[in-house]
Amino acid sequence: MTITFITGANKGLGRETARRLIEHGHTLLLGARNREQGEETAAALGARYVPIDVTDDASVAAAAADVAEHEGRIDVLINNAGVHGPLGDPSDLTAADALTVLDVNVIGVVRTTTAFLPLLRRSADPVIVNVSSGMGSLALTHDPTRPESHVLAPLYTSSKAALTMLTTQYAKALKDVRVNAADPGYTATDFNAHSGFQTVTEGTDAIVALATEEPGAGTGRFVSRHGEMAWS
């Protein structure tokens, strides 16, 4: 039995990932900040809701303690929770804007990973999937043929560039855990007012693939639904 914990799983990519992994036979722990939405989604999918706010140390610690008490371990951690922050001209960005985005998209991943590592290390095949984005790629955001180059999201793109680098560092250091990043691609969700050209199922292909690989699969990779991507 594979036990998977997903942050930000009450809607969008997180919810669809949860749904698909349950179909794969995973025992799904659905992490979300909003209790009402989290409980409703968990009940609809057949998951267990675990409250977690990745920006709050005490909340993350409580979530890990809850899982330790009830399941005793996890096999897969999917760091999915994210915010996009202000879009467009960065002239009026504030430090508070930056801290808000980084606190979820980068620091939240650090908080959650640190808290859940002891539970992952009780698994025979521990896996971390960080939901990053091609929006954090220097190459893609400078390629005029790519949709990533036509969006101005200064804090989101910066945070995802940081997350992909963070992923490589964890992968190098954690020899006993597979750590990879997924690029969902431009997917129609609430996150972008449903402007993406991919379905939410297509957007979760890379996440689900990384979460369901056989033991011994590679670490330190950046993967889209079309295959492995360069770290650039």
# chains A, B, ... in the order shown; residues from 1 in each chain; ligands from 1
>>> residues_around(residues="A:Pro126", least_positions_apart="4", cutoff="12 Å", atoms="only C-alpha atoms", output="JSON, numbers by chain")
{"A": [2, 3, 4, 5, 73, 74, 75, 76, 77, 78, 113, 116, 117, 118, 119, 120, 121, 122, 171, 174, 175, 176, 177, 178, 179, 180, 210, 211, 212, 213, 214, 215, 216, 217, 219]}
>>> select_by_dssp(residues="stretch 35-194 of chain A", states="strand (DSSP E)", output="PyMOL selection string")
chain A and resi 48-51+76-79+127-131+178-182
>>> atom_distance(atom1="atom CA of A:Glu71", atom2="atom CA of A:Glu40")
20.8 Å
>>> closest_atom_pairs(of="stretch 65-123 of chain A", to="stretch 52-58 of chain A", cutoff="10 Å", atoms="only C-alpha atoms", output="JSON lines")
{"residue": "A:Asn79", "atom": "CA", "partner": "A:Val54", "partner_atom": "CA", "distance": 9.5}
{"residue": "A:Ala81", "atom": "CA", "partner": "A:Val54", "partner_atom": "CA", "distance": 7.7}
{"residue": "A:Gly82", "atom": "CA", "partner": "A:Val54", "partner_atom": "CA", "distance": 9.5}
{"residue": "A:Thr100", "atom": "CA", "partner": "A:Thr55", "partner_atom": "CA", "distance": 8.8}
{"residue": "A:Leu102", "atom": "CA", "partner": "A:Thr55", "partner_atom": "CA", "distance": 9.5}
{"residue": "A:Asp103", "atom": "CA", "partner": "A:Thr55", "partner_atom": "CA", "distance": 5.9}
{"residue": "A:Val104", "atom": "CA", "partner": "A:Thr55", "partner_atom": "CA", "distance": 5.8}
{"residue": "A:Asn105", "atom": "CA", "partner": "A:Val54", "partner_atom": "CA", "distance": 9.0}
{"residue": "A:Val106", "atom": "CA", "partner": "A:Val54", "partner_atom": "CA", "distance": 9.8}
{"residue": "A:Ile107", "atom": "CA", "partner": "A:Thr55", "partner_atom": "CA", "distance": 7.5}
{"residue": "A:Gly108", "atom": "CA", "partner": "A:Val54", "partner_atom": "CA", "distance": 4.7}
{"residue": "A:Val109", "atom": "CA", "partner": "A:Val54", "partner_atom": "CA", "distance": 7.4}
{"residue": "A:Val110", "atom": "CA", "partner": "A:Val54", "partner_atom": "CA", "distance": 9.1}
{"residue": "A:Arg111", "atom": "CA", "partner": "A:Asp57", "partner_atom": "CA", "distance": 6.8}
{"residue": "A:Thr112", "atom": "CA", "partner": "A:Val54", "partner_atom": "CA", "distance": 6.6}
{"residue": "A:Ala115", "atom": "CA", "partner": "A:Asp57", "partner_atom": "CA", "distance": 9.1}
>>> write_last_selection(atoms="N, CA, C and O atoms", output="PDB file, in the first residue's frame")
ATOM      1  N   ASN A  79       4.693  18.109  -3.027  1.00  0.00           N
ATOM      2  CA  ASN A  79       4.642  19.520  -2.651  1.00  0.00           C
ATOM      3  C   ASN A  79       3.980  20.294  -3.787  1.00  0.00           C
ATOM      4  O   ASN A  79       4.634  20.724  -4.737  1.00  0.00           O
ATOM      5  N   ALA A  81       1.194  22.790  -3.180  1.00  0.00           N
ATOM      6  CA  ALA A  81       0.607  24.086  -2.828  1.00  0.00           C
ATOM      7  C   ALA A  81       1.404  25.222  -3.474  1.00  0.00           C
ATOM      8  O   ALA A  81       2.636  25.221  -3.456  1.00  0.00           O
ATOM      9  N   GLY A  82       0.683  26.190  -4.047  1.00  0.00           N
ATOM     10  CA  GLY A  82       1.372  27.300  -4.707  1.00  0.00           C
ATOM     11  C   GLY A  82       0.461  28.493  -4.902  1.00  0.00           C
ATOM     12  O   GLY A  82      -0.765  28.364  -4.912  1.00  0.00           O
ATOM     13  N   THR A 100       5.217  36.848   0.424  1.00  0.00           N
ATOM     14  CA  THR A 100       3.999  36.029   0.364  1.00  0.00           C
ATOM     15  C   THR A 100       4.165  34.871  -0.614  1.00  0.00           C
ATOM     16  O   THR A 100       3.824  33.718  -0.311  1.00  0.00           O
ATOM     17  N   LEU A 102       7.054  33.623  -1.999  1.00  0.00           N
ATOM     18  CA  LEU A 102       8.156  32.731  -1.629  1.00  0.00           C
ATOM     19  C   LEU A 102       7.813  31.876  -0.415  1.00  0.00           C
ATOM     20  O   LEU A 102       8.263  30.730  -0.306  1.00  0.00           O
ATOM     21  N   ASP A 103       7.006  32.417   0.488  1.00  0.00           N
ATOM     22  CA  ASP A 103       6.655  31.668   1.700  1.00  0.00           C
ATOM     23  C   ASP A 103       5.856  30.421   1.372  1.00  0.00           C
ATOM     24  O   ASP A 103       5.969  29.403   2.055  1.00  0.00           O
ATOM     25  N   VAL A 104       5.052  30.476   0.325  1.00  0.00           N
ATOM     26  CA  VAL A 104       4.296  29.295  -0.093  1.00  0.00           C
ATOM     27  C   VAL A 104       5.122  28.425  -1.030  1.00  0.00           C
ATOM     28  O   VAL A 104       5.298  27.216  -0.802  1.00  0.00           O
ATOM     29  N   ASN A 105       5.642  29.018  -2.091  1.00  0.00           N
ATOM     30  CA  ASN A 105       6.205  28.252  -3.204  1.00  0.00           C
ATOM     31  C   ASN A 105       7.587  27.679  -2.942  1.00  0.00           C
ATOM     32  O   ASN A 105       7.984  26.705  -3.595  1.00  0.00           O
ATOM     33  N   VAL A 106       8.327  28.280  -2.044  1.00  0.00           N
ATOM     34  CA  VAL A 106       9.686  27.798  -1.768  1.00  0.00           C
ATOM     35  C   VAL A 106       9.852  27.429  -0.298  1.00  0.00           C
ATOM     36  O   VAL A 106      10.159  26.285   0.044  1.00  0.00           O
ATOM     37  N   ILE A 107       9.632  28.393   0.582  1.00  0.00           N
ATOM     38  CA  ILE A 107       9.832  28.127   2.011  1.00  0.00           C
ATOM     39  C   ILE A 107       8.834  27.096   2.513  1.00  0.00           C
ATOM     40  O   ILE A 107       9.166  26.245   3.344  1.00  0.00           O
ATOM     41  N   GLY A 108       7.612  27.126   1.960  1.00  0.00           N
ATOM     42  CA  GLY A 108       6.628  26.119   2.328  1.00  0.00           C
ATOM     43  C   GLY A 108       7.072  24.713   1.982  1.00  0.00           C
ATOM     44  O   GLY A 108       6.784  23.753   2.709  1.00  0.00           O
ATOM     45  N   VAL A 109       7.774  24.583   0.876  1.00  0.00           N
ATOM     46  CA  VAL A 109       8.317  23.280   0.491  1.00  0.00           C
ATOM     47  C   VAL A 109       9.387  22.831   1.478  1.00  0.00           C
ATOM     48  O   VAL A 109       9.448  21.656   1.860  1.00  0.00           O
ATOM     49  N   VAL A 110      10.218  23.765   1.905  1.00  0.00           N
ATOM     50  CA  VAL A 110      11.246  23.425   2.897  1.00  0.00           C
ATOM     51  C   VAL A 110      10.592  22.997   4.211  1.00  0.00           C
ATOM     52  O   VAL A 110      10.964  21.970   4.800  1.00  0.00           O
ATOM     53  N   ARG A 111       9.621  23.783   4.675  1.00  0.00           N
ATOM     54  CA  ARG A 111       8.928  23.431   5.927  1.00  0.00           C
ATOM     55  C   ARG A 111       8.339  22.025   5.852  1.00  0.00           C
ATOM     56  O   ARG A 111       8.513  21.199   6.764  1.00  0.00           O
ATOM     57  N   THR A 112       7.606  21.777   4.780  1.00  0.00           N
ATOM     58  CA  THR A 112       6.883  20.521   4.667  1.00  0.00           C
ATOM     59  C   THR A 112       7.840  19.348   4.497  1.00  0.00           C
ATOM     60  O   THR A 112       7.669  18.292   5.121  1.00  0.00           O
ATOM     61  N   ALA A 115       9.552  18.507   7.810  1.00  0.00           N
ATOM     62  CA  ALA A 115       8.640  17.892   8.773  1.00  0.00           C
ATOM     63  C   ALA A 115       8.287  16.456   8.402  1.00  0.00           C
ATOM     64  O   ALA A 115       8.090  15.605   9.288  1.00  0.00           O
TER      65      ALA A 115
END
>>> select_by_dssp(residues="stretch 6-74 of chain A", states="helix (DSSP H, G or I)", output="PDB file with N, CA and C atoms, in the first residue's frame")
ATOM      1  N   GLY A  12      -7.988  22.038  -8.349  1.00  0.00           N
ATOM      2  CA  GLY A  12      -7.007  22.140  -9.425  1.00  0.00           C
ATOM      3  C   GLY A  12      -6.139  20.917  -9.592  1.00  0.00           C
ATOM      4  N   LEU A  13      -4.843  21.171  -9.823  1.00  0.00           N
ATOM      5  CA  LEU A  13      -3.903  20.080 -10.059  1.00  0.00           C
ATOM      6  C   LEU A  13      -3.802  19.140  -8.866  1.00  0.00           C
ATOM      7  N   GLY A  14      -3.858  19.695  -7.663  1.00  0.00           N
ATOM      8  CA  GLY A  14      -3.762  18.853  -6.474  1.00  0.00           C
ATOM      9  C   GLY A  14      -4.901  17.871  -6.364  1.00  0.00           C
ATOM     10  N   ARG A  15      -6.105  18.375  -6.589  1.00  0.00           N
ATOM     11  CA  ARG A  15      -7.280  17.496  -6.524  1.00  0.00           C
ATOM     12  C   ARG A  15      -7.223  16.417  -7.596  1.00  0.00           C
ATOM     13  N   GLU A  16      -6.896  16.799  -8.820  1.00  0.00           N
ATOM     14  CA  GLU A  16      -6.849  15.815  -9.899  1.00  0.00           C
ATOM     15  C   GLU A  16      -5.747  14.791  -9.669  1.00  0.00           C
ATOM     16  N   THR A  17      -4.616  15.243  -9.145  1.00  0.00           N
ATOM     17  CA  THR A  17      -3.555  14.294  -8.796  1.00  0.00           C
ATOM     18  C   THR A  17      -4.049  13.305  -7.756  1.00  0.00           C
ATOM     19  N   ALA A  18      -4.738  13.817  -6.741  1.00  0.00           N
ATOM     20  CA  ALA A  18      -5.293  12.942  -5.700  1.00  0.00           C
ATOM     21  C   ALA A  18      -6.253  11.917  -6.305  1.00  0.00           C
ATOM     22  N   ARG A  19      -7.147  12.386  -7.151  1.00  0.00           N
ATOM     23  CA  ARG A  19      -8.127  11.485  -7.765  1.00  0.00           C
ATOM     24  C   ARG A  19      -7.438  10.371  -8.539  1.00  0.00           C
ATOM     25  N   ARG A  20      -6.446  10.743  -9.326  1.00  0.00           N
ATOM     26  CA  ARG A  20      -5.778   9.761 -10.177  1.00  0.00           C
ATOM     27  C   ARG A  20      -4.952   8.771  -9.349  1.00  0.00           C
ATOM     28  N   LEU A  21      -4.301   9.260  -8.300  1.00  0.00           N
ATOM     29  CA  LEU A  21      -3.486   8.355  -7.494  1.00  0.00           C
ATOM     30  C   LEU A  21      -4.347   7.384  -6.695  1.00  0.00           C
ATOM     31  N   ILE A  22      -5.528   7.832  -6.287  1.00  0.00           N
ATOM     32  CA  ILE A  22      -6.462   6.909  -5.648  1.00  0.00           C
ATOM     33  C   ILE A  22      -6.838   5.801  -6.628  1.00  0.00           C
ATOM     34  N   GLU A  23      -7.036   6.157  -7.887  1.00  0.00           N
ATOM     35  CA  GLU A  23      -7.319   5.144  -8.912  1.00  0.00           C
ATOM     36  C   GLU A  23      -6.162   4.164  -9.067  1.00  0.00           C
ATOM     37  N   ARG A  35     -10.357  24.113   5.651  1.00  0.00           N
ATOM     38  CA  ARG A  35     -10.920  22.885   6.206  1.00  0.00           C
ATOM     39  C   ARG A  35     -12.185  22.445   5.472  1.00  0.00           C
ATOM     40  N   GLU A  36     -13.101  23.376   5.224  1.00  0.00           N
ATOM     41  CA  GLU A  36     -14.363  23.012   4.581  1.00  0.00           C
ATOM     42  C   GLU A  36     -14.120  22.403   3.204  1.00  0.00           C
ATOM     43  N   GLN A  37     -13.292  23.083   2.387  1.00  0.00           N
ATOM     44  CA  GLN A  37     -13.005  22.560   1.055  1.00  0.00           C
ATOM     45  C   GLN A  37     -12.229  21.248   1.132  1.00  0.00           C
ATOM     46  N   GLY A  38     -11.292  21.181   2.065  1.00  0.00           N
ATOM     47  CA  GLY A  38     -10.496  19.969   2.208  1.00  0.00           C
ATOM     48  C   GLY A  38     -11.338  18.765   2.590  1.00  0.00           C
ATOM     49  N   GLU A  39     -12.233  18.961   3.558  1.00  0.00           N
ATOM     50  CA  GLU A  39     -13.089  17.856   3.982  1.00  0.00           C
ATOM     51  C   GLU A  39     -14.048  17.434   2.881  1.00  0.00           C
ATOM     52  N   GLU A  40     -14.611  18.407   2.157  1.00  0.00           N
ATOM     53  CA  GLU A  40     -15.528  18.084   1.060  1.00  0.00           C
ATOM     54  C   GLU A  40     -14.817  17.308  -0.042  1.00  0.00           C
ATOM     55  N   THR A  41     -13.609  17.761  -0.399  1.00  0.00           N
ATOM     56  CA  THR A  41     -12.864  17.093  -1.467  1.00  0.00           C
ATOM     57  C   THR A  41     -12.444  15.692  -1.046  1.00  0.00           C
ATOM     58  N   ALA A  42     -11.961  15.567   0.181  1.00  0.00           N
ATOM     59  CA  ALA A  42     -11.544  14.248   0.675  1.00  0.00           C
ATOM     60  C   ALA A  42     -12.712  13.270   0.675  1.00  0.00           C
ATOM     61  N   ALA A  43     -13.880  13.733   1.118  1.00  0.00           N
ATOM     62  CA  ALA A  43     -15.055  12.865   1.147  1.00  0.00           C
ATOM     63  C   ALA A  43     -15.463  12.455  -0.265  1.00  0.00           C
ATOM     64  N   ALA A  44     -15.388  13.389  -1.199  1.00  0.00           N
ATOM     65  CA  ALA A  44     -15.783  13.098  -2.582  1.00  0.00           C
ATOM     66  C   ALA A  44     -14.842  12.102  -3.247  1.00  0.00           C
ATOM     67  N   LEU A  45     -13.560  12.173  -2.901  1.00  0.00           N
ATOM     68  CA  LEU A  45     -12.569  11.334  -3.579  1.00  0.00           C
ATOM     69  C   LEU A  45     -12.295  10.013  -2.866  1.00  0.00           C
ATOM     70  N   ASP A  57       4.639  27.145  10.642  1.00  0.00           N
ATOM     71  CA  ASP A  57       5.451  26.058  11.205  1.00  0.00           C
ATOM     72  C   ASP A  57       4.622  25.114  12.073  1.00  0.00           C
ATOM     73  N   ALA A  58       3.768  25.693  12.922  1.00  0.00           N
ATOM     74  CA  ALA A  58       2.983  24.868  13.838  1.00  0.00           C
ATOM     75  C   ALA A  58       1.984  24.001  13.077  1.00  0.00           C
ATOM     76  N   SER A  59       1.381  24.551  12.030  1.00  0.00           N
ATOM     77  CA  SER A  59       0.423  23.787  11.236  1.00  0.00           C
ATOM     78  C   SER A  59       1.104  22.623  10.526  1.00  0.00           C
ATOM     79  N   VAL A  60       2.279  22.862   9.973  1.00  0.00           N
ATOM     80  CA  VAL A  60       3.008  21.801   9.272  1.00  0.00           C
ATOM     81  C   VAL A  60       3.431  20.716  10.259  1.00  0.00           C
ATOM     82  N   ALA A  61       3.912  21.126  11.423  1.00  0.00           N
ATOM     83  CA  ALA A  61       4.306  20.152  12.446  1.00  0.00           C
ATOM     84  C   ALA A  61       3.110  19.330  12.907  1.00  0.00           C
ATOM     85  N   ALA A  62       1.956  19.984  13.050  1.00  0.00           N
ATOM     86  CA  ALA A  62       0.751  19.274  13.469  1.00  0.00           C
ATOM     87  C   ALA A  62       0.300  18.274  12.408  1.00  0.00           C
ATOM     88  N   ALA A  63       0.421  18.647  11.145  1.00  0.00           N
ATOM     89  CA  ALA A  63       0.056  17.731  10.059  1.00  0.00           C
ATOM     90  C   ALA A  63       0.946  16.489  10.078  1.00  0.00           C
ATOM     91  N   ALA A  64       2.239  16.694  10.246  1.00  0.00           N
ATOM     92  CA  ALA A  64       3.159  15.551  10.301  1.00  0.00           C
ATOM     93  C   ALA A  64       2.859  14.667  11.504  1.00  0.00           C
ATOM     94  N   ALA A  65       2.536  15.285  12.646  1.00  0.00           N
ATOM     95  CA  ALA A  65       2.204  14.515  13.843  1.00  0.00           C
ATOM     96  C   ALA A  65       0.917  13.720  13.642  1.00  0.00           C
ATOM     97  N   ASP A  66      -0.053  14.324  12.954  1.00  0.00           N
ATOM     98  CA  ASP A  66      -1.313  13.644  12.648  1.00  0.00           C
ATOM     99  C   ASP A  66      -1.054  12.395  11.818  1.00  0.00           C
ATOM    100  N   VAL A  67      -0.224  12.532  10.793  1.00  0.00           N
ATOM    101  CA  VAL A  67       0.080  11.386   9.928  1.00  0.00           C
ATOM    102  C   VAL A  67       0.887  10.337  10.692  1.00  0.00           C
ATOM    103  N   ALA A  68       1.813  10.779  11.517  1.00  0.00           N
ATOM    104  CA  ALA A  68       2.602   9.833  12.315  1.00  0.00           C
ATOM    105  C   ALA A  68       1.695   9.002  13.220  1.00  0.00           C
ATOM    106  N   GLU A  69       0.672   9.657  13.762  1.00  0.00           N
ATOM    107  CA  GLU A  69      -0.245   8.955  14.672  1.00  0.00           C
ATOM    108  C   GLU A  69      -1.152   7.986  13.930  1.00  0.00           C
ATOM    109  N   HIS A  70      -1.646   8.384  12.760  1.00  0.00           N
ATOM    110  CA  HIS A  70      -2.654   7.577  12.081  1.00  0.00           C
ATOM    111  C   HIS A  70      -2.075   6.577  11.071  1.00  0.00           C
TER     112      HIS A  70
END
>>> closest_residue(among="A:Ser123, A:Thr145, A:Thr204, A:Ser224", to="A:Met1", atoms="only C-alpha atoms")
A:Ser123
>>> closest_residue(among="A:Pro184, A:Thr157, A:His142, A:Val208", to="A:His26", atoms="only C-alpha atoms")
A:Val208
>>> atom_distance(atom1="atom CA of A:Asp125", atom2="atom CA of A:Leu163")
22.5 Å
